[in-house]
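Down below is the structure, laid out as C-alpha cells.
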Amino acid sequence: MNKVKNRWLIALAGVSVHLSIGSAYAWSIYTKPINALTEWSATSISFAFSIAIFCLGTSAAFMGKFVEHYGPRKTGMVASIFFGAGIALTGLAIQVQSLPMLYISYGLIGGIGLGSGYVTPVSTMVRWFPDHRGLATGLAIMGFGFASLVTSPIAQFLMGKVGVSNTFYILGALYFSVMFIASRYLEKPPKGWTPQGMVQHQEKNQAGQPIQTEGEGLTANEALRTSNFWMLWLTLFLNITCGLGIVSAASPMAQEMIGMSDQTAAAMVGVMGIFNGLGRLFWATLSDRFGRPKVFTMVFIVNAAALTTLYLSGAPILFVGLICLIMTCYGAGFSIIPAYIGDVFGTRELGAIHGYILTAWAAAGIVGPILLSTVHQMTNSYKPTLFIFIVLVCIALIISVIVGRKAVHKK
C-alpha cells in the first residue's frame with residue numbers, strides 16, 4: 001500500500017493532459033493571422049477545426065478500447081506524440097502554404113491526438129475517485145474547457161514575437177512535453193483499491209431505486225447492446241448539437257439580436273469560455289451530492305428554460321446571462337456523462353464505453369454549426385434556429401427522465 005500513487009497527483013496529471021489538448025478551442029484566434037499569410041478563406045481555415053473535432057470523436061471510440069487494454073500511460077504517450085506532431089506540422093503547413101497539409105496535420109493527426117488525450121485521464125480518474133466520481137470527471141474536463149483561456153494570451157504573445165509558423169512549432173513541443181510527462185504518472189489503481197475512510201455510496205435512479213452493477217460491470221460490447229447506452233448517446237448528441245451551434249455563432253447572434261458591438265461580443269465570447277469550464281465542474285460536483293439522474297435531468301430543464309427565455313427576450317444584459325447559463329449546461333454534458341457511465345455500466349471498461357459515446361461529439365460537431373448556419377441563411381434570422389434548439393433540448397429532457405428512471409443494467 002505504500003507504493004500506491006497519490007490520487008490527487010493522478011488528477012493533476014489528468015488535468016494537465018486536458019489543458020494541453022483543450023487548446024483546440026482557441027483555434028479561432030489563428031484565423032486572421034493565417035489568412036493574412038496564406039490568403040486562405042476563413043471558412044477553409046475553420047474547416048480544419050471541424051475535421052479535428054470529428055477525428056476526436058471517432059478516434060476516441062478506438063482509443064477508449066486501447067486505454068483499457070494497454071493502460072493510460074501508453075495511451076497518453078500516443079496522444080502526446082500525435083497532438084504535439086499535429087500542432088508542429090500545422091506550422092509547417094502554414095509555412096509552405098499547403099491547405100491539404102493543414103487538414104492532415106491539424107485536422108487528422110492533431111484530431112487523433114485530441115481523441116486519444118481526451119479519453120486517457122477520464123476513466124483513470126473515475127477509478128481513483130470512486131467516492132467522488134463527479135468531482136473527478138469535472139476536474140479533468142474543466143481543464144479542457146478552460147484551456148483556451150490559457151492558450152489564447154500565450155499564442156497571441158508568441159505570434160507577435162516569433163511569427164505564426166514558429167508559434168506552432170513552439171506550442172507543439174510544449175504540448176508534447178507536458179502531455180508526455182503527465183502521462184508517465186497516470187496508471188489505474190491496484191485491483192480492489194478504495195480510498196482510506198471511504199463510505200460506500202449507492203447511486204439511485206429517479207425512481208429512488210439503487211443503480212446496480214454486477215461485479216465490475218459490463219464490457220463495452222455488452223453496453224452497446226443496452227437501451228441505456230443509446231439514450232445517453234442521444235442526450236449527449238442533442239446537448240452538444242445545441243451547445244456547439246450557440247458557440248459557433250454567439251458573436252454574430254449577439255450583434256444581430258441585441259445590437260451588441262464587435263468588441264463587446266468578442267468579450268462575451270471570452271466570458272462564455274469561463275462559464276463553459278465552470279459548468280463542467282459545478283454540475284458534475286452537484287451530481288455527487290444529489291445523484292447523476294436527477295442532476296442530468298435538471299441540466300436539460302435549465303437549458304430549455306434559458307433557451308426559451310433567450311428566444312422571447314431582447315434585453316442585452318439578460319441575453320449575456322442566458323448565454324453564459326447555456327454554456328454551463330453545454331459543459332455539464334461532457335463532465336456528467338463519464339461518471340454516469342460508471343454508475344450505470346460499472347468501471348470494467350469505462351474508457352471504452354466513454355470512447356464509444358463520444359462519437360456523439362463527432363456527429364454533433366458537424367450537425368450543430370451546419371444546422372444553425374443553414375437555417376439562418378434560409379430565414380435571415382437566428383430565432384427559428386433557437387426554436388429548433390428548444391425542441392431538441394426538450395427531447396433530450398424527456399430521454400433523460402426515461403434513462404434516469406431505468407438506469408440499471410442486467411448482464
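By convention here, the chains of the C-alpha cells are called A, B, ... in the order presented, each chain's residues are numbered starting at 1, and ligands are numbered starting at 1 in the order presented.
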
Surrounding residues of stretch 218-228 of chain A excluding itself and chain neighbours under 3 positions, 6 Å, only C-alpha atoms, as a PyMOL selection string: chain A and resi 231+345+349+352-353

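Atom pair atom CA of A:Thr235 / atom CA of A:Phe83 has a distance of 28.6 Å (rounded to one decimal).
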
Residue neighbourhood A:Lys383, 10 Å, only C-alpha atoms, exclusion window fewer than 4 positions, as number ranges by chain: A: 253, 257, 310-312, 375-376, 379, 387-389

Non-local contacts of stretch 276-286 of chain A (9 Å; only C-alpha atoms; under 2 positions in same chain excluded) as a PyMOL selection string: chain A and resi 132-147+271-274+288-292+295-296+299+324-337+339

Would you mind exporting the chosen residues as a short mmCIF file (atom, residue, chain, number, x, y, z; two decimals), in the first residue's frame, restricted to N, CA and C atoms?
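The new file part-v4.cif reads:
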data_model
loop_
_atom_site.label_atom_id
_atom_site.label_comp_id
_atom_site.auth_asym_id
_atom_site.auth_seq_id
_atom_site.Cartn_x
_atom_site.Cartn_y
_atom_site.Cartn_z
N HIS A 132 -15.96 10.18 -5.31
CA HIS A 132 -16.30 11.49 -5.88
C HIS A 132 -16.16 11.43 -7.40
N ARG A 133 -16.94 10.59 -8.03
CA ARG A 133 -16.82 10.42 -9.47
C ARG A 133 -17.10 11.71 -10.24
N GLY A 134 -18.12 12.43 -9.81
CA GLY A 134 -18.47 13.68 -10.48
C GLY A 134 -17.36 14.70 -10.37
N LEU A 135 -16.79 14.83 -9.19
CA LEU A 135 -15.67 15.76 -8.98
C LEU A 135 -14.50 15.39 -9.87
N ALA A 136 -14.19 14.10 -9.97
CA ALA A 136 -13.05 13.65 -10.76
C ALA A 136 -13.22 14.00 -12.23
N THR A 137 -14.36 13.65 -12.80
CA THR A 137 -14.57 13.94 -14.22
C THR A 137 -14.73 15.44 -14.44
N GLY A 138 -15.33 16.13 -13.47
CA GLY A 138 -15.48 17.58 -13.60
C GLY A 138 -14.15 18.29 -13.64
N LEU A 139 -13.20 17.85 -12.80
CA LEU A 139 -11.86 18.45 -12.78
C LEU A 139 -11.15 18.26 -14.12
N ALA A 140 -11.15 17.01 -14.60
CA ALA A 140 -10.44 16.72 -15.84
C ALA A 140 -11.03 17.50 -17.01
N ILE A 141 -12.34 17.44 -17.15
CA ILE A 141 -12.98 18.04 -18.31
C ILE A 141 -13.09 19.55 -18.17
N MET A 142 -13.05 20.07 -16.94
CA MET A 142 -12.95 21.52 -16.75
C MET A 142 -11.65 22.03 -17.36
N GLY A 143 -10.58 21.24 -17.23
CA GLY A 143 -9.30 21.63 -17.83
C GLY A 143 -9.43 21.82 -19.32
N PHE A 144 -10.19 20.94 -19.97
CA PHE A 144 -10.41 21.07 -21.41
C PHE A 144 -11.16 22.36 -21.74
N GLY A 145 -12.17 22.68 -20.92
CA GLY A 145 -12.96 23.88 -21.18
C GLY A 145 -12.20 25.17 -20.92
N PHE A 146 -11.29 25.16 -19.92
CA PHE A 146 -10.55 26.36 -19.56
C PHE A 146 -9.30 26.59 -20.41
N ALA A 147 -8.90 25.57 -21.17
CA ALA A 147 -7.61 25.62 -21.86
C ALA A 147 -7.47 26.82 -22.80
N VAL A 271 -15.96 35.41 -21.93
CA VAL A 271 -16.68 35.10 -20.69
C VAL A 271 -17.41 33.76 -20.82
N MET A 272 -17.91 33.48 -22.01
CA MET A 272 -18.57 32.19 -22.26
C MET A 272 -17.65 31.02 -21.95
N GLY A 273 -16.37 31.18 -22.31
CA GLY A 273 -15.40 30.12 -22.05
C GLY A 273 -15.25 29.83 -20.57
N ILE A 274 -15.31 30.89 -19.76
CA ILE A 274 -15.20 30.72 -18.31
C ILE A 274 -16.38 29.90 -17.78
N ASP A 288 -22.56 14.49 -7.55
CA ASP A 288 -22.09 13.65 -6.43
C ASP A 288 -23.02 13.80 -5.23
N ARG A 289 -23.57 14.99 -5.07
CA ARG A 289 -24.41 15.29 -3.90
C ARG A 289 -25.85 14.81 -4.09
N PHE A 290 -26.42 15.03 -5.28
CA PHE A 290 -27.84 14.74 -5.48
C PHE A 290 -28.11 13.58 -6.44
N GLY A 291 -27.07 13.01 -6.99
CA GLY A 291 -27.24 11.86 -7.89
C GLY A 291 -27.22 12.26 -9.34
N ARG A 292 -26.59 11.42 -10.16
CA ARG A 292 -26.46 11.71 -11.59
C ARG A 292 -27.81 11.84 -12.30
N VAL A 295 -29.59 15.29 -11.44
CA VAL A 295 -28.85 16.47 -11.89
C VAL A 295 -28.78 16.52 -13.41
N PHE A 296 -28.64 15.36 -14.06
CA PHE A 296 -28.59 15.33 -15.52
C PHE A 296 -29.90 15.85 -16.10
N VAL A 299 -30.14 19.65 -15.70
CA VAL A 299 -29.36 20.38 -16.71
C VAL A 299 -30.24 20.71 -17.91
N CYS A 324 -24.43 32.61 -21.02
CA CYS A 324 -23.48 32.02 -20.07
C CYS A 324 -24.09 30.83 -19.34
N LEU A 325 -25.38 30.93 -19.01
CA LEU A 325 -26.07 29.81 -18.35
C LEU A 325 -26.15 28.61 -19.29
N ILE A 326 -26.45 28.88 -20.56
CA ILE A 326 -26.50 27.80 -21.56
C ILE A 326 -25.14 27.13 -21.69
N MET A 327 -24.07 27.91 -21.58
CA MET A 327 -22.72 27.35 -21.68
C MET A 327 -22.41 26.41 -20.51
N THR A 328 -22.94 26.72 -19.31
CA THR A 328 -22.72 25.79 -18.19
C THR A 328 -23.41 24.46 -18.46
N CYS A 329 -24.59 24.51 -19.09
CA CYS A 329 -25.32 23.28 -19.42
C CYS A 329 -24.60 22.50 -20.52
N TYR A 330 -24.01 23.23 -21.46
CA TYR A 330 -23.24 22.60 -22.53
C TYR A 330 -22.05 21.84 -21.94
N GLY A 331 -21.32 22.49 -21.05
CA GLY A 331 -20.18 21.84 -20.41
C GLY A 331 -20.58 20.69 -19.51
N ALA A 332 -21.79 20.79 -18.91
CA ALA A 332 -22.24 19.76 -17.97
C ALA A 332 -22.35 18.39 -18.62
N GLY A 333 -22.81 18.36 -19.87
CA GLY A 333 -22.97 17.08 -20.55
C GLY A 333 -21.66 16.31 -20.62
N PHE A 334 -20.57 17.01 -20.92
CA PHE A 334 -19.27 16.36 -21.04
C PHE A 334 -18.79 15.78 -19.71
N SER A 335 -19.05 16.50 -18.62
CA SER A 335 -18.48 16.10 -17.33
C SER A 335 -19.35 15.10 -16.58
N ILE A 336 -20.67 15.13 -16.76
CA ILE A 336 -21.53 14.20 -16.04
C ILE A 336 -21.54 12.82 -16.69
N ILE A 337 -21.47 12.78 -18.02
CA ILE A 337 -21.59 11.52 -18.74
C ILE A 337 -20.59 10.44 -18.29
N ALA A 339 -19.09 9.93 -15.40
CA ALA A 339 -19.47 9.42 -14.08
C ALA A 339 -20.78 8.64 -14.16
#

Between atom CA of A:Gly172 and atom CA of A:Gly91 - distance in Å to one decimal: 8.9 Å

Residue neighbourhood A:Ile258, 6 Å, only C-alpha atoms, exclusion window fewer than 3 positions, as a PyMOL selection string: chain A and resi 254-255+316

Counting only C-alpha atoms, the option among A:Leu307, A:Ile395, A:Ile181, A:Met125 closest to A:Ile323: A:Leu307

For A:Ile21: contacts at 12 Å, only C-alpha atoms, fewer than 5 positions along chain excluded, given as a ChimeraX atom specification: /A:14-16,26-27,52-53,56,76,79-84,86-87,106,110-121,140-148,150-151,171-172,174-176,178-179

If you keep N, CA and C atoms, can you produce a file of those selected residues as a short mmCIF file (atom, residue, chain, number, x, y, z; two decimals), in the first residue's frame?
data_model
loop_
_atom_site.label_atom_id
_atom_site.label_comp_id
_atom_site.auth_asym_id
_atom_site.auth_seq_id
_atom_site.Cartn_x
_atom_site.Cartn_y
_atom_site.Cartn_z
N GLY A 14 -3.94 14.29 -15.05
CA GLY A 14 -5.08 14.25 -15.97
C GLY A 14 -5.50 15.64 -16.43
N VAL A 15 -5.54 16.58 -15.49
CA VAL A 15 -5.90 17.96 -15.84
C VAL A 15 -4.85 18.55 -16.78
N SER A 16 -3.58 18.22 -16.58
CA SER A 16 -2.51 18.73 -17.44
C SER A 16 -2.69 18.27 -18.89
N ALA A 26 -9.12 27.23 -28.90
CA ALA A 26 -8.61 28.57 -29.20
C ALA A 26 -8.28 28.73 -30.68
N TRP A 27 -8.68 27.78 -31.51
CA TRP A 27 -8.32 27.79 -32.94
C TRP A 27 -8.73 29.08 -33.64
N ALA A 52 -10.80 18.25 -36.99
CA ALA A 52 -10.18 17.84 -35.72
C ALA A 52 -11.23 17.33 -34.73
N ILE A 53 -12.37 18.03 -34.63
CA ILE A 53 -13.42 17.61 -33.70
C ILE A 53 -14.04 16.29 -34.15
N LEU A 56 -11.63 13.69 -33.28
CA LEU A 56 -11.64 13.49 -31.83
C LEU A 56 -12.68 12.44 -31.46
N GLY A 76 -1.61 7.89 -23.15
CA GLY A 76 -1.18 9.27 -23.00
C GLY A 76 0.06 9.57 -23.82
N ALA A 79 -1.06 9.91 -27.36
CA ALA A 79 -1.73 11.20 -27.51
C ALA A 79 -0.72 12.34 -27.61
N SER A 80 0.32 12.31 -26.77
CA SER A 80 1.32 13.37 -26.78
C SER A 80 2.05 13.43 -28.11
N ILE A 81 2.35 12.27 -28.69
CA ILE A 81 3.05 12.22 -29.98
C ILE A 81 2.17 12.77 -31.09
N PHE A 82 0.94 12.29 -31.17
CA PHE A 82 0.04 12.72 -32.24
C PHE A 82 -0.31 14.20 -32.12
N PHE A 83 -0.67 14.64 -30.90
CA PHE A 83 -1.08 16.03 -30.75
C PHE A 83 0.09 16.99 -30.94
N GLY A 84 1.21 16.67 -30.33
CA GLY A 84 2.39 17.52 -30.49
C GLY A 84 2.84 17.60 -31.93
N GLY A 86 0.98 16.99 -34.60
CA GLY A 86 -0.06 17.67 -35.38
C GLY A 86 0.06 19.18 -35.30
N ILE A 87 0.33 19.70 -34.09
CA ILE A 87 0.48 21.14 -33.92
C ILE A 87 1.73 21.66 -34.63
N TYR A 106 -3.36 19.36 -38.67
CA TYR A 106 -4.19 19.80 -37.54
C TYR A 106 -5.46 18.96 -37.42
N GLY A 110 -3.65 15.87 -35.49
CA GLY A 110 -4.00 16.54 -34.24
C GLY A 110 -5.30 16.03 -33.66
N GLY A 111 -6.28 15.73 -34.54
CA GLY A 111 -7.58 15.22 -34.08
C GLY A 111 -7.46 13.86 -33.41
N ILE A 112 -6.59 12.99 -33.95
CA ILE A 112 -6.35 11.70 -33.31
C ILE A 112 -5.72 11.91 -31.94
N GLY A 113 -4.80 12.89 -31.85
CA GLY A 113 -4.21 13.23 -30.56
C GLY A 113 -5.25 13.74 -29.58
N LEU A 114 -6.22 14.51 -30.09
CA LEU A 114 -7.30 15.01 -29.24
C LEU A 114 -8.13 13.86 -28.67
N GLY A 115 -8.56 12.95 -29.53
CA GLY A 115 -9.37 11.83 -29.07
C GLY A 115 -8.63 10.94 -28.09
N SER A 116 -7.35 10.68 -28.40
CA SER A 116 -6.54 9.83 -27.51
C SER A 116 -6.35 10.50 -26.15
N GLY A 117 -6.03 11.79 -26.18
CA GLY A 117 -5.80 12.52 -24.94
C GLY A 117 -7.05 12.73 -24.13
N TYR A 118 -8.21 12.84 -24.81
CA TYR A 118 -9.46 13.10 -24.10
C TYR A 118 -9.88 11.92 -23.24
N VAL A 119 -9.79 10.70 -23.79
CA VAL A 119 -10.27 9.54 -23.05
C VAL A 119 -9.24 9.02 -22.04
N THR A 120 -7.97 9.38 -22.21
CA THR A 120 -6.90 8.82 -21.37
C THR A 120 -7.11 9.06 -19.87
N PRO A 121 -7.29 10.33 -19.41
CA PRO A 121 -7.35 10.53 -17.96
C PRO A 121 -8.72 10.31 -17.33
N ALA A 140 -11.15 17.01 -14.60
CA ALA A 140 -10.44 16.72 -15.84
C ALA A 140 -11.03 17.50 -17.01
N ILE A 141 -12.34 17.44 -17.15
CA ILE A 141 -12.98 18.04 -18.31
C ILE A 141 -13.09 19.55 -18.17
N MET A 142 -13.05 20.07 -16.94
CA MET A 142 -12.95 21.52 -16.75
C MET A 142 -11.65 22.03 -17.36
N GLY A 143 -10.58 21.24 -17.23
CA GLY A 143 -9.30 21.63 -17.83
C GLY A 143 -9.43 21.82 -19.32
N PHE A 144 -10.19 20.94 -19.97
CA PHE A 144 -10.41 21.07 -21.41
C PHE A 144 -11.16 22.36 -21.74
N GLY A 145 -12.17 22.68 -20.92
CA GLY A 145 -12.96 23.88 -21.18
C GLY A 145 -12.20 25.17 -20.92
N PHE A 146 -11.29 25.16 -19.92
CA PHE A 146 -10.55 26.36 -19.56
C PHE A 146 -9.30 26.59 -20.41
N ALA A 147 -8.90 25.57 -21.17
CA ALA A 147 -7.61 25.62 -21.86
C ALA A 147 -7.47 26.82 -22.80
N SER A 148 -8.55 27.21 -23.46
CA SER A 148 -8.47 28.32 -24.41
C SER A 148 -8.11 29.63 -23.71
N VAL A 150 -6.05 29.90 -21.26
CA VAL A 150 -4.61 29.85 -21.02
C VAL A 150 -3.85 30.00 -22.33
N THR A 151 -4.33 29.30 -23.36
CA THR A 151 -3.63 29.26 -24.64
C THR A 151 -3.67 30.59 -25.38
N LEU A 171 4.58 25.66 -29.62
CA LEU A 171 3.45 25.07 -28.91
C LEU A 171 3.41 23.55 -29.07
N GLY A 172 3.75 23.07 -30.26
CA GLY A 172 3.79 21.63 -30.48
C GLY A 172 4.76 20.94 -29.54
N LEU A 174 5.86 22.18 -26.69
CA LEU A 174 5.38 22.39 -25.33
C LEU A 174 4.29 21.39 -24.96
N TYR A 175 3.30 21.23 -25.85
CA TYR A 175 2.21 20.30 -25.58
C TYR A 175 2.73 18.87 -25.48
N PHE A 176 3.64 18.50 -26.37
CA PHE A 176 4.20 17.15 -26.31
C PHE A 176 4.88 16.91 -24.97
N VAL A 178 4.51 18.46 -21.98
CA VAL A 178 3.57 18.44 -20.84
C VAL A 178 2.78 17.13 -20.83
N MET A 179 2.25 16.73 -21.99
CA MET A 179 1.42 15.53 -22.06
C MET A 179 2.24 14.26 -21.82
#
